[in-house]
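model00.csv follows; it contains CSV, C-alpha atoms.
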chain,number,residue,atom,x,y,z
A,167,MET,CA,-309.8,-75.4,27.7
A,168,LEU,CA,-312.9,-74.5,25.7
A,169,LEU,CA,-311.8,-71.2,24.1
A,170,ILE,CA,-309.4,-72.3,21.4
A,171,PRO,CA,-311.5,-75.3,20.1
A,172,LEU,CA,-314.6,-73.1,20.2
A,173,ILE,CA,-312.9,-70.3,18.2
A,174,PHE,CA,-311.4,-72.7,15.7
A,175,THR,CA,-314.6,-74.7,15.0
A,176,SER,CA,-316.9,-71.7,14.9
A,177,ILE,CA,-314.8,-69.8,12.4
A,178,VAL,CA,-314.4,-72.8,10.1
A,179,VAL,CA,-318.1,-73.6,10.2
A,180,GLY,CA,-319.0,-69.9,9.9
A,181,VAL,CA,-317.0,-69.3,6.8
A,182,ALA,CA,-318.1,-72.5,5.2
A,183,ASN,CA,-321.8,-71.8,5.9
A,184,LEU,CA,-321.7,-68.2,4.9
A,185,GLN,CA,-320.1,-69.0,1.6
A,186,ALA,CA,-322.4,-71.9,1.0
A,187,ILE,CA,-325.5,-69.6,1.1
A,188,GLY,CA,-323.7,-66.9,-1.0
A,189,ARG,CA,-323.5,-64.3,1.8
A,190,PHE,CA,-319.9,-64.5,2.8
A,191,GLY,CA,-318.8,-61.5,0.8
A,192,ARG,CA,-321.6,-59.2,2.1
A,193,VAL,CA,-321.2,-60.3,5.7
A,194,TRP,CA,-317.5,-59.9,5.6
A,195,LYS,CA,-317.6,-56.4,4.2
A,196,ILE,CA,-320.3,-55.3,6.7
A,197,THR,CA,-318.3,-56.8,9.6
A,198,ILE,CA,-315.0,-55.1,8.7
A,199,LEU,CA,-316.9,-51.8,8.1
A,200,CYS,CA,-318.5,-52.0,11.6
A,201,PHE,CA,-315.2,-52.9,13.3
A,202,PHE,CA,-313.4,-50.1,11.5
A,203,THR,CA,-316.1,-47.5,12.3
A,204,THR,CA,-316.4,-48.3,16.0
A,205,THR,CA,-312.6,-48.4,16.5
A,206,THR,CA,-312.2,-45.1,14.7
A,207,LEU,CA,-314.9,-43.5,16.9
A,208,ALA,CA,-313.2,-44.9,20.0
A,209,LEU,CA,-309.8,-43.5,18.9
A,210,GLY,CA,-311.4,-40.1,18.1
A,211,LEU,CA,-313.1,-40.0,21.5
A,212,GLY,CA,-309.8,-40.9,23.3
A,213,LEU,CA,-307.8,-38.2,21.6
A,214,LEU,CA,-310.6,-35.6,22.0
A,215,CYS,CA,-311.0,-36.2,25.8
A,216,ALA,CA,-307.2,-36.3,26.2
A,217,HIS,CA,-307.0,-32.8,24.6
A,218,LEU,CA,-310.0,-31.5,26.6
A,219,PHE,CA,-308.8,-32.6,30.0
A,220,HIS,CA,-305.0,-32.7,29.5
A,221,PRO,CA,-304.2,-35.7,31.8
A,222,GLY,CA,-300.6,-35.8,32.8
A,223,GLU,CA,-300.0,-32.1,33.0
A,224,GLY,CA,-298.7,-30.9,36.3
A,225,LEU,CA,-297.7,-34.4,37.6
A,226,ASN,CA,-294.5,-34.7,39.5
A,227,ILE,CA,-292.1,-36.4,37.1
A,228,ALA,CA,-289.9,-37.4,40.1
A,229,LEU,CA,-292.5,-40.0,41.0
A,230,PHE,CA,-291.5,-42.0,37.9
A,231,GLN,CA,-287.7,-41.3,37.9
A,232,ASP,CA,-286.8,-44.6,39.6
A,233,ALA,CA,-289.0,-46.7,37.3
A,234,MET,CA,-287.7,-44.8,34.3
A,235,SER,CA,-284.0,-45.2,35.3
A,236,ALA,CA,-284.5,-49.0,35.8
A,237,HIS,CA,-286.4,-49.4,32.5
A,238,GLN,CA,-284.4,-50.3,29.4
A,239,THR,CA,-286.1,-48.8,26.4
A,240,PRO,CA,-286.5,-51.3,23.6
A,241,ASP,CA,-285.4,-50.5,20.1
A,242,THR,CA,-288.0,-48.6,18.1
A,243,LEU,CA,-289.7,-50.8,15.5
A,244,SER,CA,-289.9,-49.4,12.0
A,245,PRO,CA,-293.1,-50.1,10.0
A,246,SER,CA,-291.4,-52.9,8.0
A,247,ALA,CA,-290.0,-54.4,11.2
A,248,PHE,CA,-293.3,-54.2,12.9
A,249,PHE,CA,-295.1,-56.0,10.1
A,250,THR,CA,-292.3,-58.6,9.9
A,251,ASN,CA,-292.6,-59.2,13.6
A,252,PHE,CA,-296.4,-59.4,13.4
A,253,ILE,CA,-296.3,-61.9,10.6
A,254,GLN,CA,-293.6,-64.1,12.3
A,255,HIS,CA,-295.8,-64.3,15.4
A,256,THR,CA,-299.0,-64.9,13.5
A,257,LEU,CA,-298.2,-67.2,10.6
A,258,ILE,CA,-296.8,-70.0,12.7
A,259,ASN,CA,-297.4,-73.7,13.3
A,260,PRO,CA,-301.2,-73.9,14.0
A,261,PHE,CA,-300.8,-76.6,16.6
A,262,LYS,CA,-298.2,-74.6,18.4
A,263,ALA,CA,-300.5,-71.6,18.2
A,264,MET,CA,-303.3,-73.6,19.8
A,265,ALA,CA,-301.1,-74.9,22.5
A,266,ASP,CA,-299.8,-71.4,23.3
A,267,GLY,CA,-303.2,-69.8,23.1
A,268,ASN,CA,-302.3,-67.6,20.2
A,269,VAL,CA,-305.8,-66.6,19.3
A,270,LEU,CA,-305.0,-64.5,16.2
A,271,SER,CA,-303.0,-67.3,14.6
A,272,VAL,CA,-305.9,-69.7,15.3
A,273,VAL,CA,-308.4,-67.3,13.7
A,274,ILE,CA,-306.2,-66.9,10.5
A,275,PHE,CA,-305.7,-70.7,10.3
A,276,ALA,CA,-309.5,-71.3,10.7
A,277,LEU,CA,-310.3,-68.8,8.0
A,278,LEU,CA,-307.9,-70.6,5.6
A,279,ILE,CA,-309.4,-74.0,6.5
A,280,GLY,CA,-312.9,-72.6,5.9
A,281,ALA,CA,-311.9,-71.1,2.6
A,282,VAL,CA,-310.4,-74.4,1.5
A,283,ILE,CA,-313.6,-76.2,2.4
A,284,VAL,CA,-315.6,-73.7,0.3
A,285,SER,CA,-313.2,-74.0,-2.6
A,286,GLY,CA,-313.8,-77.7,-2.7
A,287,ARG,CA,-317.4,-77.2,-3.7
A,288,GLY,CA,-318.7,-80.2,-1.8
A,289,LYS,CA,-315.5,-82.3,-2.1
A,290,PHE,CA,-314.8,-81.8,1.7
A,291,LYS,CA,-318.4,-82.3,2.8
A,292,VAL,CA,-317.3,-84.9,5.3
A,293,VAL,CA,-314.7,-82.6,6.9
A,294,GLU,CA,-317.3,-79.8,7.0
A,295,THR,CA,-319.8,-82.0,8.7
A,296,CYS,CA,-317.1,-83.1,11.2
A,297,PHE,CA,-316.4,-79.4,12.1
A,298,GLN,CA,-320.1,-78.7,12.4
A,299,GLN,CA,-320.5,-81.5,14.9
A,300,LEU,CA,-317.4,-80.5,16.8
A,301,PHE,CA,-318.8,-76.9,17.0
A,302,GLU,CA,-322.1,-78.2,18.4
A,303,MET,CA,-320.2,-80.3,20.9
A,304,MET,CA,-318.2,-77.3,22.1
A,305,MET,CA,-321.4,-75.2,22.4
A,306,LYS,CA,-322.9,-78.0,24.5
A,307,LEU,CA,-319.9,-77.9,26.8
A,308,VAL,CA,-320.2,-74.2,27.1
A,309,GLN,CA,-323.8,-74.5,28.2
A,310,TRP,CA,-322.8,-76.9,30.9
A,311,VAL,CA,-320.0,-74.5,32.1
A,312,MET,CA,-322.4,-71.6,32.1
A,313,VAL,CA,-324.5,-73.3,34.7
A,314,LEU,CA,-321.7,-72.5,37.2
A,315,ALA,CA,-321.1,-69.0,35.7
A,316,PRO,CA,-322.9,-67.1,38.4
A,317,LEU,CA,-320.7,-68.7,41.1
A,318,GLY,CA,-317.6,-68.0,39.2
A,319,ILE,CA,-318.5,-64.4,38.5
A,320,PHE,CA,-319.3,-63.8,42.2
A,321,ALA,CA,-315.9,-65.2,43.2
A,322,LEU,CA,-314.1,-63.0,40.6
A,323,LEU,CA,-315.9,-59.9,41.8
A,324,SER,CA,-315.1,-60.7,45.4
A,325,LYS,CA,-311.4,-61.1,44.6
A,326,LEU,CA,-311.4,-57.9,42.7
A,327,LEU,CA,-313.0,-55.9,45.5
A,328,ALA,CA,-310.7,-57.5,48.1
A,329,THR,CA,-307.4,-57.1,46.3
A,330,GLU,CA,-307.7,-53.9,44.3
A,331,ASP,CA,-305.6,-51.1,45.8
A,332,PHE,CA,-307.4,-47.9,44.9
A,333,THR,CA,-304.5,-45.8,46.2
A,334,VAL,CA,-302.5,-46.9,43.2
A,335,LEU,CA,-304.4,-44.2,41.2
A,336,GLY,CA,-302.9,-41.4,43.3
A,337,SER,CA,-301.7,-38.7,41.0
A,338,LEU,CA,-302.9,-40.7,38.0
A,339,ALA,CA,-306.5,-40.3,39.0
A,340,LYS,CA,-307.3,-37.7,36.4
A,341,PHE,CA,-306.0,-39.9,33.6
A,342,ALA,CA,-307.9,-42.9,35.0
A,343,VAL,CA,-311.1,-40.9,35.3
A,344,VAL,CA,-310.7,-39.5,31.7
A,345,VAL,CA,-310.1,-42.9,30.2
A,346,THR,CA,-312.8,-44.7,32.2
A,347,GLY,CA,-315.4,-41.9,31.6
A,348,THR,CA,-314.6,-41.9,27.8
A,349,THR,CA,-314.8,-45.7,27.7
A,350,ILE,CA,-318.2,-45.7,29.5
A,351,PHE,CA,-319.5,-43.0,27.2
A,352,HIS,CA,-318.4,-45.0,24.1
A,353,GLY,CA,-320.0,-48.2,25.5
A,354,LEU,CA,-323.2,-46.8,26.9
A,355,ILE,CA,-323.9,-44.0,24.4
A,356,VAL,CA,-322.1,-44.3,21.1
A,357,LEU,CA,-322.3,-48.1,20.5
A,358,PRO,CA,-326.0,-48.4,21.6
A,359,PHE,CA,-326.9,-45.4,19.4
A,360,LEU,CA,-325.2,-47.1,16.4
A,361,LEU,CA,-327.1,-50.3,17.2
A,362,TRP,CA,-330.4,-48.5,17.3
A,363,VAL,CA,-329.7,-46.6,14.1
A,364,VAL,CA,-328.8,-49.8,12.2
A,365,THR,CA,-331.1,-52.4,13.8
A,366,ARG,CA,-333.7,-50.4,15.7
A,367,ILE,CA,-333.0,-52.5,18.8
A,368,THR,CA,-333.4,-50.2,21.8
A,369,PRO,CA,-330.5,-49.8,24.2
A,370,LEU,CA,-332.8,-51.0,27.1
A,371,ARG,CA,-333.5,-54.3,25.4
A,372,PHE,CA,-329.9,-54.8,24.4
A,373,PHE,CA,-328.5,-54.2,27.9
A,374,LYS,CA,-331.2,-56.5,29.4
A,375,VAL,CA,-330.4,-59.4,27.1
A,376,ALA,CA,-326.6,-58.8,27.1
A,377,ARG,CA,-326.4,-58.4,30.9
A,378,PRO,CA,-324.7,-61.8,31.5
A,379,ALA,CA,-322.0,-61.1,29.0
A,380,LEU,CA,-321.4,-57.5,30.3
A,381,ILE,CA,-321.1,-58.7,33.9
A,382,THR,CA,-318.7,-61.4,32.9
A,383,ALA,CA,-316.6,-58.9,30.9
A,384,PHE,CA,-316.4,-56.6,33.9
A,385,ALA,CA,-315.4,-59.4,36.2
A,386,THR,CA,-312.8,-61.0,34.0
A,387,SER,CA,-311.5,-58.1,31.9
A,388,SER,CA,-311.2,-60.5,29.0
A,389,SER,CA,-313.1,-60.5,25.7
A,390,SER,CA,-312.0,-64.1,25.1
A,391,ALA,CA,-313.4,-65.4,28.4
A,392,THR,CA,-316.6,-63.5,27.7
A,393,MET,CA,-317.0,-64.8,24.1
A,394,PRO,CA,-319.1,-67.9,24.8
A,395,LEU,CA,-321.7,-65.7,26.7
A,396,SER,CA,-321.5,-63.1,24.0
A,397,MET,CA,-322.4,-65.7,21.5
A,398,GLN,CA,-325.4,-66.9,23.6
A,399,CYS,CA,-326.6,-63.3,24.2
A,400,ALA,CA,-326.4,-62.5,20.4
A,401,GLN,CA,-328.6,-65.5,19.7
A,402,ASN,CA,-331.0,-64.4,22.4
A,403,LEU,CA,-331.2,-61.0,20.5
A,404,GLY,CA,-332.3,-62.9,17.4
A,405,VAL,CA,-329.1,-63.1,15.5
A,406,ARG,CA,-328.8,-66.3,13.6
A,407,PRO,CA,-326.2,-68.8,14.9
A,408,LEU,CA,-324.7,-68.8,11.4
A,409,PHE,CA,-323.6,-65.2,11.8
A,410,VAL,CA,-322.9,-65.4,15.5
A,411,GLY,CA,-320.2,-68.0,15.1
A,412,PHE,CA,-318.4,-65.9,12.5
A,413,VAL,CA,-318.9,-62.2,13.6
A,414,VAL,CA,-318.7,-62.6,17.4
A,415,VAL,CA,-315.5,-64.7,17.3
A,416,LEU,CA,-313.8,-62.2,15.0
A,417,GLY,CA,-315.0,-59.3,17.1
A,418,ALA,CA,-313.6,-60.7,20.3
A,419,GLN,CA,-310.2,-60.6,18.7
A,420,LEU,CA,-310.2,-57.8,16.2
A,421,ASN,CA,-312.7,-55.3,17.5
A,422,MET,CA,-311.2,-54.0,20.8
A,423,ASP,CA,-312.4,-50.5,21.0
A,424,GLY,CA,-311.5,-50.0,24.6
A,425,THR,CA,-307.9,-51.1,24.0
A,426,ALA,CA,-307.5,-48.7,21.1
A,427,LEU,CA,-309.1,-45.8,23.0
A,428,TYR,CA,-306.9,-46.4,26.1
A,429,GLU,CA,-303.7,-46.7,24.0
A,430,ALA,CA,-304.3,-43.5,22.1
A,431,ALA,CA,-305.2,-41.6,25.3
A,432,ALA,CA,-302.2,-43.1,27.1
A,433,ALA,CA,-299.8,-41.9,24.4
A,434,LEU,CA,-301.0,-38.3,24.9
A,435,PHE,CA,-300.9,-38.7,28.7
A,436,ILE,CA,-297.2,-39.9,28.6
A,437,ALA,CA,-296.4,-37.0,26.1
A,438,ASN,CA,-298.0,-34.5,28.5
A,439,LEU,CA,-296.1,-36.1,31.4
A,440,MET,CA,-292.8,-35.7,29.6
A,441,GLY,CA,-293.6,-32.2,28.4
A,442,LEU,CA,-293.8,-33.2,24.7
A,443,GLU,CA,-296.3,-31.7,22.3
A,444,LEU,CA,-297.3,-34.1,19.5
A,445,SER,CA,-298.0,-32.7,16.0
A,446,PHE,CA,-301.1,-33.6,14.1
A,447,THR,CA,-299.2,-36.1,12.0
A,448,GLN,CA,-297.7,-37.7,15.1
A,449,GLN,CA,-301.2,-38.0,16.6
A,450,LEU,CA,-302.5,-39.6,13.4
A,451,ILE,CA,-299.6,-42.1,13.5
A,452,VAL,CA,-300.5,-42.8,17.2
A,453,CYS,CA,-304.1,-43.5,16.1
A,454,LEU,CA,-303.1,-45.9,13.3
A,455,THR,CA,-300.6,-47.7,15.5
A,456,ALA,CA,-303.1,-48.0,18.3
A,457,MET,CA,-305.6,-49.5,15.8
A,458,LEU,CA,-303.1,-52.1,14.6
A,459,ALA,CA,-302.0,-52.8,18.2
A,460,SER,CA,-305.6,-53.4,19.2
A,461,LEU,CA,-306.0,-55.9,16.4
A,462,GLY,CA,-303.1,-58.0,17.7
A,463,ALA,CA,-304.0,-57.7,21.4
A,464,PRO,CA,-304.9,-61.0,23.0
A,465,GLY,CA,-308.3,-61.2,24.7
A,466,ILE,CA,-306.8,-61.5,28.2
A,467,PRO,CA,-306.8,-59.1,31.1
A,468,SER,CA,-304.5,-56.0,30.7
A,469,ALA,CA,-303.7,-57.0,27.1
A,470,GLY,CA,-303.4,-53.3,26.3
A,471,MET,CA,-300.4,-53.0,28.5
A,472,VAL,CA,-298.6,-55.6,26.4
A,473,THR,CA,-299.4,-54.0,23.1
A,474,MET,CA,-298.9,-50.4,24.4
A,475,ILE,CA,-295.2,-50.6,23.5
A,476,MET,CA,-296.1,-50.7,19.8
A,477,VAL,CA,-297.8,-47.3,20.2
A,478,LEU,CA,-294.9,-45.8,22.2
Hey, can you dump this file as structure tokens for me?
Amino acid sequence: MLLIPLIFTSIVVGVANLQAIGRFGRVWKITILCFFTTTTLALGLGLLCAHLFHPGEGLNIALFQDAMSAHQTPDTLSPSAFFTNFIQHTLINPFKAMADGNVLSVVIFALLIGAVIVSGRGKFKVVETCFQQLFEMMMKLVQWVMVLAPLGIFALLSKLLATEDFTVLGSLAKFAVVVTGTTIFHGLIVLPFLLWVVTRITPLRFFKVARPALITAFATSSSSATMPLSMQCAQNLGVRPLFVGFVVVLGAQLNMDGTALYEAAAALFIANLMGLELSFTQQLIVCLTAMLASLGAPGIPSAGMVTMIMVL
């Protein structure tokens, strides 16, 4: 209920305000550079660990024969078909996108609205003020909802522990351990180190302040559901609301390192399972496709499973 209006208003206000103070170009470039850097590192880690531990080798392929025989392989998308399909599902009616929860389309539409407001050079000041007030209203609603967040997190964790079938891992345990361990290393070592190098914020302080967002992310497995808390935690770390409303919202949709890491490692896992050996060029294509797939992944639980077909 709150997610789409919050994303839309925060992006519009963020673009308008950043351009108004002459910082949009610099912030945009730094944001994209950070997203690209962290995602590239995640992809590299995923491939490295997959090569080191060789998950998928030695598994009994008979375990998957029934599922494979019942599965109808979709037609392979060429690069042009992939981008055509991507555009058709992104540049759509904005109201339909909002109703369907198509976050990426909402983000693009909000960026365009923000750019139009900026191009008006004060002509659309009333509209800008309206969006600013709507954004403040949405943040107020989020604060009210966050009062009940501890109860909701407890319920989600209880359900997770009660329903998770750990025997599902079975022969896939090695792959699960490799991906989980690599993701933890990326999240606890690589990203905090980059944060310390760039901002001198210690990992201890960061994890202490970001704890509510991290717990919610673990419980919901959704970057979108965690986004309001992420925005609040970023402000508690001293980031100006002006930048929070722009960078955090984009990051929740476009900077999915875990999804990219998982999809790259999963591609090698499946190749090992089938007895295939991917060349360097093929692995590079896997990385680039995983990066593109992570950009279009919705911020919902198991979104990587949906976009994995693009990589395969």
_Protein and nucleic acid residues near (-299.0, -71.7, 12.6) (cut-off 12 Å, all atoms listed in the file) as a PyMOL selection string_ = chain A and resi 253-276+278
*asked:* Calculated over all atoms listed in the file, which of the candidates A:Leu380, A:Cys215, A:Leu207, A:Ala400 has the smallest distance to Val413 of chain A?
replied: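 With all atoms listed in the file as the atom set, the closest residue is A:Ala400.
Separating atom CA of Ser387 of chain A from atom CA of Lys374 of chain A is a distance of 19.9 Å.
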*Would you list the contacts of Thr392 of chain A as a list in words, taking every protein, DNA or RNA residue within 7 Å and counting all atoms listed in the file, but skipping same-chain residues closer than 6 positions in sequence?*
Ala379, Thr382 and Ala383 of chain A
_Spatial sel., origin (-314.3, -54.0, 15.5), limit 10 Å, all atoms listed in the file, listed as an MDAnalysis selection string_ = chainID A and resid 197:206 413:414 416:423 457 460:461
*asked:* As an exercise, work out the distance from atom CA of Ser388 of chain A to atom CA of Leu434 of chain A in Å and give it to one decimal place.
replied: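 Distance reported for this atom pair: 24.8 Å.
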So that each row is one residue of segment 352-464 of chain A with an atom at most 7 Å from segment 167-182 of chain A, can you give its shortest atom pair and the distance in Å to one decimal, using all atoms listed in the file, rows by chain and rising number, as CSV?
residue,atom,partner,partner_atom,distance
A:Leu408,CA,A:Gly180,CA,6.0
A:Phe409,CA,A:Gly180,CA,6.8
A:Gly411,CA,A:Ser176,CA,5.0
A:Phe412,CA,A:Gly180,CA,4.8
A:Val415,CA,A:Ile173,CA,6.2
_Please report the interatomic distance between atom CA of Ile279 of chain A and atom CA of Leu300 of chain A in Å with one decimal._
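Computing the Euclidean distance for atom CA of Ile279 of chain A and atom CA of Leu300 of chain A yields 14.6 Å.
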*Tell me which of A:Pro378, A:Pro316, A:Gly424, A:Gly404 sits closest to Leu357 of chain A, counting all atoms listed in the file.*
A:Gly424
*asked:* Just checking: using all atoms listed in the file, which residue out of A:Leu403, A:Leu209, A:Ala437, A:Ala430 ends up closest to Arg366 of chain A?
replied: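 Smallest separation from Arg366 of chain A among the options: A:Leu403.
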*So, counting all atoms listed in the file, which residue among A:Leu361, A:Lys306, A:Val284, A:Lys291 is closest to Pro394 of chain A?*
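So, comparing all the options, the nearest one is A:Lys306.
The shortest atom-to-atom distance to Leu218 of chain A, with all atoms listed in the file taken into account, belongs to A:Ala431 out of A:Ala376, A:Ala431, A:Ile367, A:Leu314.
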